[in-house]
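Structure file structure-v9.cif (mmCIF, C-alpha atoms and all ligand atoms) follows.
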```cif
data_work
#
loop_
_atom_site.label_atom_id
_atom_site.label_comp_id
_atom_site.auth_asym_id
_atom_site.auth_seq_id
_atom_site.Cartn_x
_atom_site.Cartn_y
_atom_site.Cartn_z
CA MET A 1 2.11 -11.04 -20.00
CA ASN A 2 3.26 -7.94 -21.80
CA PRO A 3 6.95 -8.53 -22.71
CA GLN A 4 7.85 -5.05 -21.47
CA VAL A 5 6.89 -5.96 -17.90
CA HIS A 6 9.72 -6.92 -15.61
CA TYR A 7 9.55 -8.11 -12.00
CA PRO A 8 10.42 -6.95 -9.40
CA SER A 9 9.13 -3.45 -10.15
CA TYR A 10 6.91 -0.70 -8.81
CA LYS A 11 5.63 2.64 -10.00
CA ASP A 12 7.22 5.55 -8.16
CA LEU A 13 4.36 7.94 -7.34
CA ASP A 14 6.43 10.70 -5.76
CA PRO A 15 5.96 12.97 -8.81
CA PHE A 16 2.17 12.80 -8.27
CA ILE A 17 2.02 13.68 -4.58
CA ASP A 18 3.22 16.47 -2.30
CA VAL A 19 6.32 14.72 -0.90
CA ASP A 20 7.39 17.65 1.30
CA ARG A 21 4.01 17.76 2.97
CA LEU A 22 4.12 13.99 3.49
CA ARG A 23 7.62 14.03 4.98
CA ALA A 24 6.61 16.84 7.31
CA LEU A 25 4.08 14.43 8.87
CA ASP A 26 6.76 11.98 10.01
CA GLY A 27 7.01 13.00 13.67
CA TYR A 28 3.28 13.72 13.83
CA VAL A 29 2.25 10.20 12.78
CA ALA A 30 5.02 8.48 14.78
CA GLU A 31 4.03 10.30 17.95
CA ARG A 32 0.36 9.39 17.57
CA ILE A 33 1.17 5.75 16.93
CA GLU A 34 3.42 5.69 20.02
CA ARG A 35 0.61 7.19 22.07
CA ARG A 36 -1.79 4.61 20.78
CA LEU A 37 0.62 1.77 21.54
CA GLN A 38 0.24 2.50 25.20
CA LYS A 39 -3.54 2.28 25.08
CA ALA A 40 -4.86 -0.05 22.45
CA ARG A 41 -4.04 -3.42 21.04
CA ASP A 42 -4.59 -2.94 17.31
CA LEU A 43 -5.58 -5.70 14.99
CA ALA A 44 -2.66 -7.83 13.85
CA PHE A 45 -1.71 -7.62 10.20
CA TYR A 46 -2.42 -10.89 8.40
CA THR A 47 -0.36 -11.42 5.26
CA GLY A 48 -3.11 -13.48 3.62
CA PRO A 49 -2.61 -17.05 2.45
CA PHE A 50 -0.24 -16.22 -0.42
CA LEU A 51 3.16 -16.40 1.23
CA LEU A 52 6.39 -16.95 -0.67
CA ASP A 53 7.66 -19.22 2.08
CA GLY A 54 4.86 -21.33 3.54
CA LYS A 55 6.75 -21.52 6.82
CA ALA A 56 7.13 -17.76 7.21
CA PRO A 57 4.78 -16.15 9.73
CA HIS A 58 1.30 -15.13 8.55
CA LEU A 59 1.17 -12.79 11.52
CA PRO A 60 4.61 -11.21 11.30
CA GLY A 61 4.03 -8.76 14.16
CA SER A 62 2.76 -5.66 12.38
CA ARG A 63 -0.45 -4.00 13.57
CA LEU A 64 -3.11 -2.14 11.66
CA ILE A 65 -4.93 1.07 12.39
CA TYR A 66 -8.02 1.41 10.23
CA LEU A 67 -8.66 5.02 9.25
CA THR A 68 -11.84 3.86 7.53
CA LYS A 69 -14.13 0.98 8.45
CA SER A 70 -16.31 -1.12 6.20
CA LYS A 71 -20.04 -1.22 6.87
CA GLU A 72 -19.90 -4.91 6.07
CA GLN A 73 -17.66 -7.65 7.35
CA GLU A 74 -14.24 -7.04 5.83
CA ASN A 75 -13.56 -8.84 2.62
CA TYR A 76 -10.34 -8.35 0.69
CA TYR A 77 -12.29 -7.94 -2.52
CA ASP A 78 -14.14 -4.93 -1.08
CA LEU A 79 -11.10 -2.67 -0.61
CA ASP A 80 -12.22 -0.44 -3.44
CA ARG A 81 -15.99 -0.59 -2.96
CA THR A 82 -15.85 3.00 -1.90
CA ASP A 83 -19.51 3.20 -0.86
CA LEU A 84 -18.87 0.65 1.93
CA TRP A 85 -16.14 2.53 3.73
CA GLU A 86 -16.57 5.35 6.21
CA ARG A 87 -14.17 7.26 8.39
CA SER A 88 -13.35 5.44 11.62
CA GLU A 89 -13.00 6.76 15.13
CA GLU A 90 -9.23 6.22 14.83
CA ALA A 91 -9.12 8.73 11.97
CA GLU A 92 -9.93 11.43 14.54
CA LEU A 93 -6.45 10.86 15.99
CA PHE A 94 -4.78 11.73 12.67
CA PRO A 95 -6.52 14.84 11.26
CA ASP A 96 -3.40 16.18 9.50
CA LEU A 97 -2.83 12.81 7.87
CA MET A 98 -6.46 12.70 6.74
CA ASP A 99 -6.05 16.17 5.23
CA PHE A 100 -2.99 14.94 3.35
CA ILE A 101 -4.88 11.87 2.08
CA ALA A 102 -7.55 14.23 0.72
CA THR A 103 -4.88 15.70 -1.62
CA LEU A 104 -4.15 12.32 -3.26
CA PRO A 105 -5.47 11.68 -6.79
CA PHE A 106 -8.57 9.68 -5.81
CA ARG A 107 -12.11 10.29 -7.03
CA ALA A 108 -13.34 8.20 -4.10
CA THR A 109 -11.61 6.28 -1.34
CA GLY A 110 -12.20 2.88 0.26
CA ARG A 111 -10.00 1.16 2.80
CA MET A 112 -7.30 3.25 4.49
CA ILE A 113 -4.85 1.65 6.87
CA ILE A 114 -1.71 2.49 8.77
CA MET A 115 0.46 -0.58 9.13
CA TYR A 116 3.01 -0.28 11.88
CA ASP A 117 5.42 -2.30 13.94
CA ASP A 118 6.89 -0.79 17.08
CA SER A 119 9.96 -3.00 16.86
CA GLY A 120 10.33 -2.95 13.07
CA ARG A 121 10.12 -6.69 12.53
CA ALA A 122 10.28 -8.14 9.02
CA VAL A 123 7.02 -8.61 7.07
CA SER A 124 6.98 -11.99 5.30
CA ALA A 125 7.06 -11.75 1.50
CA HIS A 126 3.52 -12.31 0.20
CA LYS A 127 1.06 -11.62 -2.60
CA ASP A 128 -2.16 -9.84 -1.69
CA HIS A 129 -4.51 -12.03 -3.75
CA ASP A 130 -4.49 -14.34 -6.74
CA SER A 131 -6.90 -12.71 -9.20
CA PRO A 132 -4.77 -11.31 -12.03
CA GLU A 133 -7.67 -9.35 -13.54
CA LEU A 134 -8.38 -7.55 -10.28
CA CYS A 135 -6.25 -4.41 -10.17
CA HIS A 136 -6.62 -2.50 -6.93
CA GLU A 137 -6.06 1.22 -7.35
CA PHE A 138 -4.10 2.25 -4.28
CA ILE A 139 -1.28 4.46 -3.08
CA TRP A 140 1.20 3.03 -0.64
CA PHE A 141 3.21 5.73 1.10
CA ARG A 142 5.42 6.54 4.04
CA THR A 143 6.59 9.67 5.80
CA SER A 144 10.24 8.58 5.83
CA LEU A 145 12.35 5.99 4.07
CA ARG A 146 12.91 3.96 7.25
CA LYS A 147 10.77 0.93 6.44
CA PRO A 148 12.87 -1.29 4.13
CA PHE A 149 10.06 -2.32 1.79
CA TYR A 150 10.74 -4.49 -1.24
CA MET A 151 9.30 -6.23 -4.28
CA LEU A 152 10.50 -9.71 -5.11
CA ASN A 153 10.42 -11.91 -8.19
CA PRO A 154 9.80 -15.43 -6.88
CA GLU A 155 11.31 -17.06 -9.95
CA THR A 156 14.65 -15.26 -9.91
CA GLY A 157 14.78 -14.29 -6.22
CA GLU A 158 15.61 -10.74 -7.34
CA LYS A 159 14.65 -8.16 -4.74
CA LEU A 160 14.06 -4.48 -5.39
CA HIS A 161 13.84 -2.08 -2.47
CA VAL A 162 11.40 0.77 -2.87
CA SER A 163 13.33 4.02 -2.80
CA SER A 164 10.44 6.48 -3.10
CA ASN A 165 8.03 7.80 -0.48
CA ALA A 166 5.00 6.73 -2.48
CA ALA A 167 4.40 3.80 -4.80
CA TRP A 168 1.80 1.74 -6.61
CA PHE A 169 2.72 -1.87 -7.27
CA ASP A 170 1.56 -5.17 -8.70
CA THR A 171 0.42 -7.18 -5.67
CA VAL A 172 -0.42 -10.34 -7.66
CA ASN A 173 2.40 -11.28 -10.05
CA GLN A 174 5.23 -10.60 -7.64
CA TYR A 175 5.74 -10.69 -3.90
CA HIS A 176 6.29 -7.82 -1.49
CA GLY A 177 7.49 -7.60 2.08
CA ALA A 178 9.71 -5.67 4.46
CA ASP A 179 13.07 -6.33 6.04
CA ALA A 180 13.49 -5.80 9.75
CA SER A 181 14.47 -2.27 10.65
CA GLY A 182 14.60 -2.15 14.46
CA GLY A 183 12.65 0.80 15.88
CA LEU A 184 9.15 1.91 14.96
CA SER A 185 8.33 1.48 11.28
CA PHE A 186 5.06 2.28 9.54
CA SER A 187 3.49 2.82 6.16
CA ILE A 188 0.04 3.80 4.96
CA ARG A 189 -2.10 2.36 2.20
CA VAL A 190 -5.13 4.05 0.73
CA ASP A 191 -7.33 2.17 -1.73
CA GLY A 192 -9.99 3.71 -3.89
CA ILE A 193 -10.76 4.85 -7.41
CA PHE A 194 -8.20 7.10 -9.05
CA THR A 195 -9.34 10.34 -10.64
CA ASP A 196 -9.98 10.25 -14.38
CA ALA A 197 -7.00 12.56 -14.98
CA PHE A 198 -4.72 10.18 -13.10
CA ARG A 199 -6.17 7.09 -14.75
CA ARG A 200 -5.59 8.53 -18.21
CA GLN A 201 -1.85 8.34 -17.57
CA ILE A 202 -1.97 4.63 -16.70
CA PRO A 203 -1.41 2.05 -19.45
CA PHE A 204 -3.97 -0.54 -18.26
CA PRO A 205 -3.21 -3.77 -20.16
CA ALA A 206 -6.03 -5.70 -21.87
CA GLU A 207 -5.04 -8.82 -19.95
CA ASN A 208 -3.57 -9.32 -16.49
CA ARG A 209 -4.85 -5.94 -15.37
CA SER A 210 -3.09 -6.25 -12.02
CA SER A 211 0.23 -5.79 -13.84
CA ALA A 212 -0.68 -2.16 -14.73
CA PRO A 213 1.73 -0.58 -12.19
CA SER A 214 4.61 -2.68 -13.53
CA LEU A 215 3.72 -1.89 -17.14
CA TRP A 216 3.60 1.79 -16.24
CA ALA A 217 6.99 1.51 -14.50
CA ALA A 218 8.43 -0.23 -17.58
CA GLU A 219 7.22 2.55 -19.88
CA GLU A 220 8.98 5.10 -17.77
CA SER A 221 12.27 3.22 -17.88
CA HIS A 222 12.02 2.96 -21.70
CA ILE A 223 11.71 6.68 -22.30
CA PRO A 224 14.80 7.50 -24.37
CA ALA A 225 17.22 9.82 -22.59
FE FE B 301 0.50 -6.87 1.03
#
```
Hey, can you dump this file as structure tokens for me?
Ligand SMILES: [Fe+2]
Amino acid sequence: MNPQVHYPSYKDLDPFIDVDRLRALDGYVAERIERRLQKARDLAFYTGPFLLDGKAPHLPGSRLIYLTKSKEQENYYDLDRTDLWERSEEAELFPDLMDFIATLPFRATGRMIIMYDDSGRAVSAHKDHDSPELCHEFIWFRTSLRKPFYMLNPETGEKLHVSSNAAWFDTVNQYHGADASGGLSFSIRVDGIFTDAFRRQIPFPAENRSSAPSLWAAEESHIPA
């Protein structure tokens, strides 16, 4: 591991996105989720097998709305196989959100999900997968700062709450989760392939590629004042 990298950490992506436009979508997305709650039972969010606390719930209560659907059976390792993913029927409910997503620095996009919980329950701390060389290029974002989302170093127990609207983070060498918030909470994650211009700014390490967001975050904090 690069000695510069520290956990918990995340790369704040607010400087790379249109935060005002994103925040303006808050009521729009919330209202459409509420409407959907009355009609459909969305797929439950599964944390995956890599929980910090083996007794914590794998199905913490959050639900997923897929804005894109895979042509094949979903496999976690296909998130960024952009040729497999096509816009879903659900995406038709969120045209303004889809227009916003089109402004993000992706050359191509794969899986896109809205993760929501109408009663803001906690999301158990988990890792997304256990392949350190697999670095998913994604943008996690939210229209408000309501969802108390954090990164956690399992060795020290140190927790770091995300304070930005948008972030990219290491999903393998640290844990992430959410505290309970009461009320509707939601966030969006878009996976894909970053544009070349965006990629050029990222210090991808030769080893443990999944730590790239944390290495990038460390570089930023070492810029002399
Ligand atoms: Fe996750």
Practice problem: Quick one: pull the distance between atom CA of A:Thr68 and atom CA of A:Phe138, Å, one decimal. | Solution: 14.2 Å
Practice problem: Would you kindly return, as a ChimeraX atom specification, each protein, DNA or RNA residue with an atom no farther than 12 Å from any atom of A:Glu31, considering all atoms listed in the file and excluding same-chain residues fewer than 4 positions away? | Solution: /A:25-27,35-38,93-94,118,184-186
Within 10 Å of ligand FE 301 (chain B), which residues of chain A show up? Give each one with its shortest atom-to-atom distance in Å (one decimal) and the two atoms involved, counting all atoms listed in the file, rows by chain then rising residue number, as CSV.
```
residue,atom,partner,partner_atom,distance
A:Phe45,CA,B:FE301,FE,9.5
A:Tyr46,CA,B:FE301,FE,8.9
A:Thr47,CA,B:FE301,FE,6.3
A:Gly48,CA,B:FE301,FE,8.0
A:Phe50,CA,B:FE301,FE,9.5
A:Leu51,CA,B:FE301,FE,9.9
A:Val123,CA,B:FE301,FE,9.1
A:Ser124,CA,B:FE301,FE,9.3
A:Ala125,CA,B:FE301,FE,8.2
A:His126,CA,B:FE301,FE,6.3
A:Lys127,CA,B:FE301,FE,6.0
A:Asp128,CA,B:FE301,FE,4.8
A:His129,CA,B:FE301,FE,8.6
A:Phe169,CA,B:FE301,FE,9.9
A:Asp170,CA,B:FE301,FE,9.9
A:Thr171,CA,B:FE301,FE,6.7
A:Val172,CA,B:FE301,FE,9.4
A:Tyr175,CA,B:FE301,FE,8.1
A:His176,CA,B:FE301,FE,6.4
A:Gly177,CA,B:FE301,FE,7.1
A:Ala178,CA,B:FE301,FE,9.9
A:Arg189,CA,B:FE301,FE,9.7
```
Write out, as a PDB file, in the coordinates of the input, the residues just selected, with C-alpha atoms.
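Below you can see out.pdb, which holds the result:
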```pdb
ATOM      1  CA  PHE A  45      -1.710  -7.620  10.200  1.00  0.00           C
ATOM      2  CA  TYR A  46      -2.420 -10.890   8.400  1.00  0.00           C
ATOM      3  CA  THR A  47      -0.360 -11.420   5.260  1.00  0.00           C
ATOM      4  CA  GLY A  48      -3.110 -13.480   3.620  1.00  0.00           C
ATOM      5  CA  PHE A  50      -0.240 -16.220  -0.420  1.00  0.00           C
ATOM      6  CA  LEU A  51       3.160 -16.400   1.230  1.00  0.00           C
ATOM      7  CA  VAL A 123       7.020  -8.610   7.070  1.00  0.00           C
ATOM      8  CA  SER A 124       6.980 -11.990   5.300  1.00  0.00           C
ATOM      9  CA  ALA A 125       7.060 -11.750   1.500  1.00  0.00           C
ATOM     10  CA  HIS A 126       3.520 -12.310   0.200  1.00  0.00           C
ATOM     11  CA  LYS A 127       1.060 -11.620  -2.600  1.00  0.00           C
ATOM     12  CA  ASP A 128      -2.160  -9.840  -1.690  1.00  0.00           C
ATOM     13  CA  HIS A 129      -4.510 -12.030  -3.750  1.00  0.00           C
ATOM     14  CA  PHE A 169       2.720  -1.870  -7.270  1.00  0.00           C
ATOM     15  CA  ASP A 170       1.560  -5.170  -8.700  1.00  0.00           C
ATOM     16  CA  THR A 171       0.420  -7.180  -5.670  1.00  0.00           C
ATOM     17  CA  VAL A 172      -0.420 -10.340  -7.660  1.00  0.00           C
ATOM     18  CA  TYR A 175       5.740 -10.690  -3.900  1.00  0.00           C
ATOM     19  CA  HIS A 176       6.290  -7.820  -1.490  1.00  0.00           C
ATOM     20  CA  GLY A 177       7.490  -7.600   2.080  1.00  0.00           C
ATOM     21  CA  ALA A 178       9.710  -5.670   4.460  1.00  0.00           C
ATOM     22  CA  ARG A 189      -2.100   2.360   2.200  1.00  0.00           C
TER      23      ARG A 189
END
```
Quiz item: What does the distance between atom CA of A:Gln4 and atom CA of A:His136 come to in Å, to one decimal place?
Solution: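 Atom-to-atom, atom CA of A:Gln4 and atom CA of A:His136 are spaced 20.7 Å apart.
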Practice problem: Take the point (-12.8, -2.7, -2.0) as written in the file and pick out every residue within 12 Å of it, counting only C-alpha atoms; give the list as JSON, numbers by chain. | Solution: {"A": [68, 69, 70, 71, 72, 73, 74, 75, 76, 77, 78, 79, 80, 81, 82, 83, 84, 85, 108, 109, 110, 111, 112, 134, 135, 136, 137, 138, 190, 191, 192, 193]}
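Shortest atom-to-atom contact with A:Arg107 among A:Glu219, A:Asp53, A:Asp14, A:Asp196: A:Asp196, counting only C-alpha atoms.
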Quiz item: Pick the closest to A:Phe16 from A:Glu158, A:Ala212, A:Phe204, A:Ala166: which is it, counting all atoms listed in the file?
Solution: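 The closest residue to A:Phe16 is A:Ala166.
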Quiz item: If you measure from atom CA of A:Asn165 to atom CA of A:Leu152, what distance in Å do you get, rounded to one decimal?
Solution: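 Value for the atom CA of A:Asn165-atom CA of A:Leu152 distance: 18.3 Å.
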Quiz item: Using all atoms listed in the file, which residues sit within 9 Å of stretch 89-92 of chain A once same-chain residues fewer than 5 positions away are excluded, as a count of residues only?
Solution: 7
Practice problem: Would you mind listing what lies within 10 Å of A:Tyr7 as a PyMOL selection string, with only C-alpha atoms counted and same-chain residues fewer than 3 positions away left out? | Solution: chain A and resi 10+151-160+170+173-175+211+214-215+218
Just-selected residues, C-alpha atoms written as a JSON list (two decimals), in the coordinates of the input:
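To be explicit, this is the file written out as out-v3.json:
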```json
[["chain", "number", "residue", "atom", "x", "y", "z"],
["A", 10, "TYR", "CA", 6.91, -0.70, -8.81],
["A", 151, "MET", "CA", 9.30, -6.23, -4.28],
["A", 152, "LEU", "CA", 10.50, -9.71, -5.11],
["A", 153, "ASN", "CA", 10.42, -11.91, -8.19],
["A", 154, "PRO", "CA", 9.80, -15.43, -6.88],
["A", 155, "GLU", "CA", 11.31, -17.06, -9.95],
["A", 156, "THR", "CA", 14.65, -15.26, -9.91],
["A", 157, "GLY", "CA", 14.78, -14.29, -6.22],
["A", 158, "GLU", "CA", 15.61, -10.74, -7.34],
["A", 159, "LYS", "CA", 14.65, -8.16, -4.74],
["A", 160, "LEU", "CA", 14.06, -4.48, -5.39],
["A", 170, "ASP", "CA", 1.56, -5.17, -8.70],
["A", 173, "ASN", "CA", 2.40, -11.28, -10.05],
["A", 174, "GLN", "CA", 5.23, -10.60, -7.64],
["A", 175, "TYR", "CA", 5.74, -10.69, -3.90],
["A", 211, "SER", "CA", 0.23, -5.79, -13.84],
["A", 214, "SER", "CA", 4.61, -2.68, -13.53],
["A", 215, "LEU", "CA", 3.72, -1.89, -17.14],
["A", 218, "ALA", "CA", 8.43, -0.23, -17.58]]
```
Practice problem: Find the residue from A:Ile139, A:Ala167, A:Ala122, A:Ala217 that sits nearest to A:Gln201; use only C-alpha atoms when measuring. | Solution: A:Ala217
Quiz item: From the set A:Leu13, A:Pro60, A:Glu133, A:Ser144, which residue has the shortest atom-to-atom contact distance to A:Asn208, counting only C-alpha atoms?
Solution: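 Counting only C-alpha atoms, the residue closest to A:Asn208 is A:Glu133.
The closest residue to A:Pro132, picked from A:Ala30, A:Leu52, A:Met1, A:Ile17 and counting only C-alpha atoms, is A:Met1.
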Exercise. Would you mind listing what lies within 10 Å of A:Lys147 as an MDAnalysis selection string, with only C-alpha atoms counted and same-chain residues fewer than 6 positions away left out?
Key: chainID A and resid 116:117 120:122 161:162 178:187
Quiz item: With distances taken over only C-alpha atoms, which of A:Pro15, A:Met115, A:Glu34, A:Arg142 is nearest to A:Gly61?
Solution: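 Looking at the shortest contact to A:Gly61, the residue is A:Met115.
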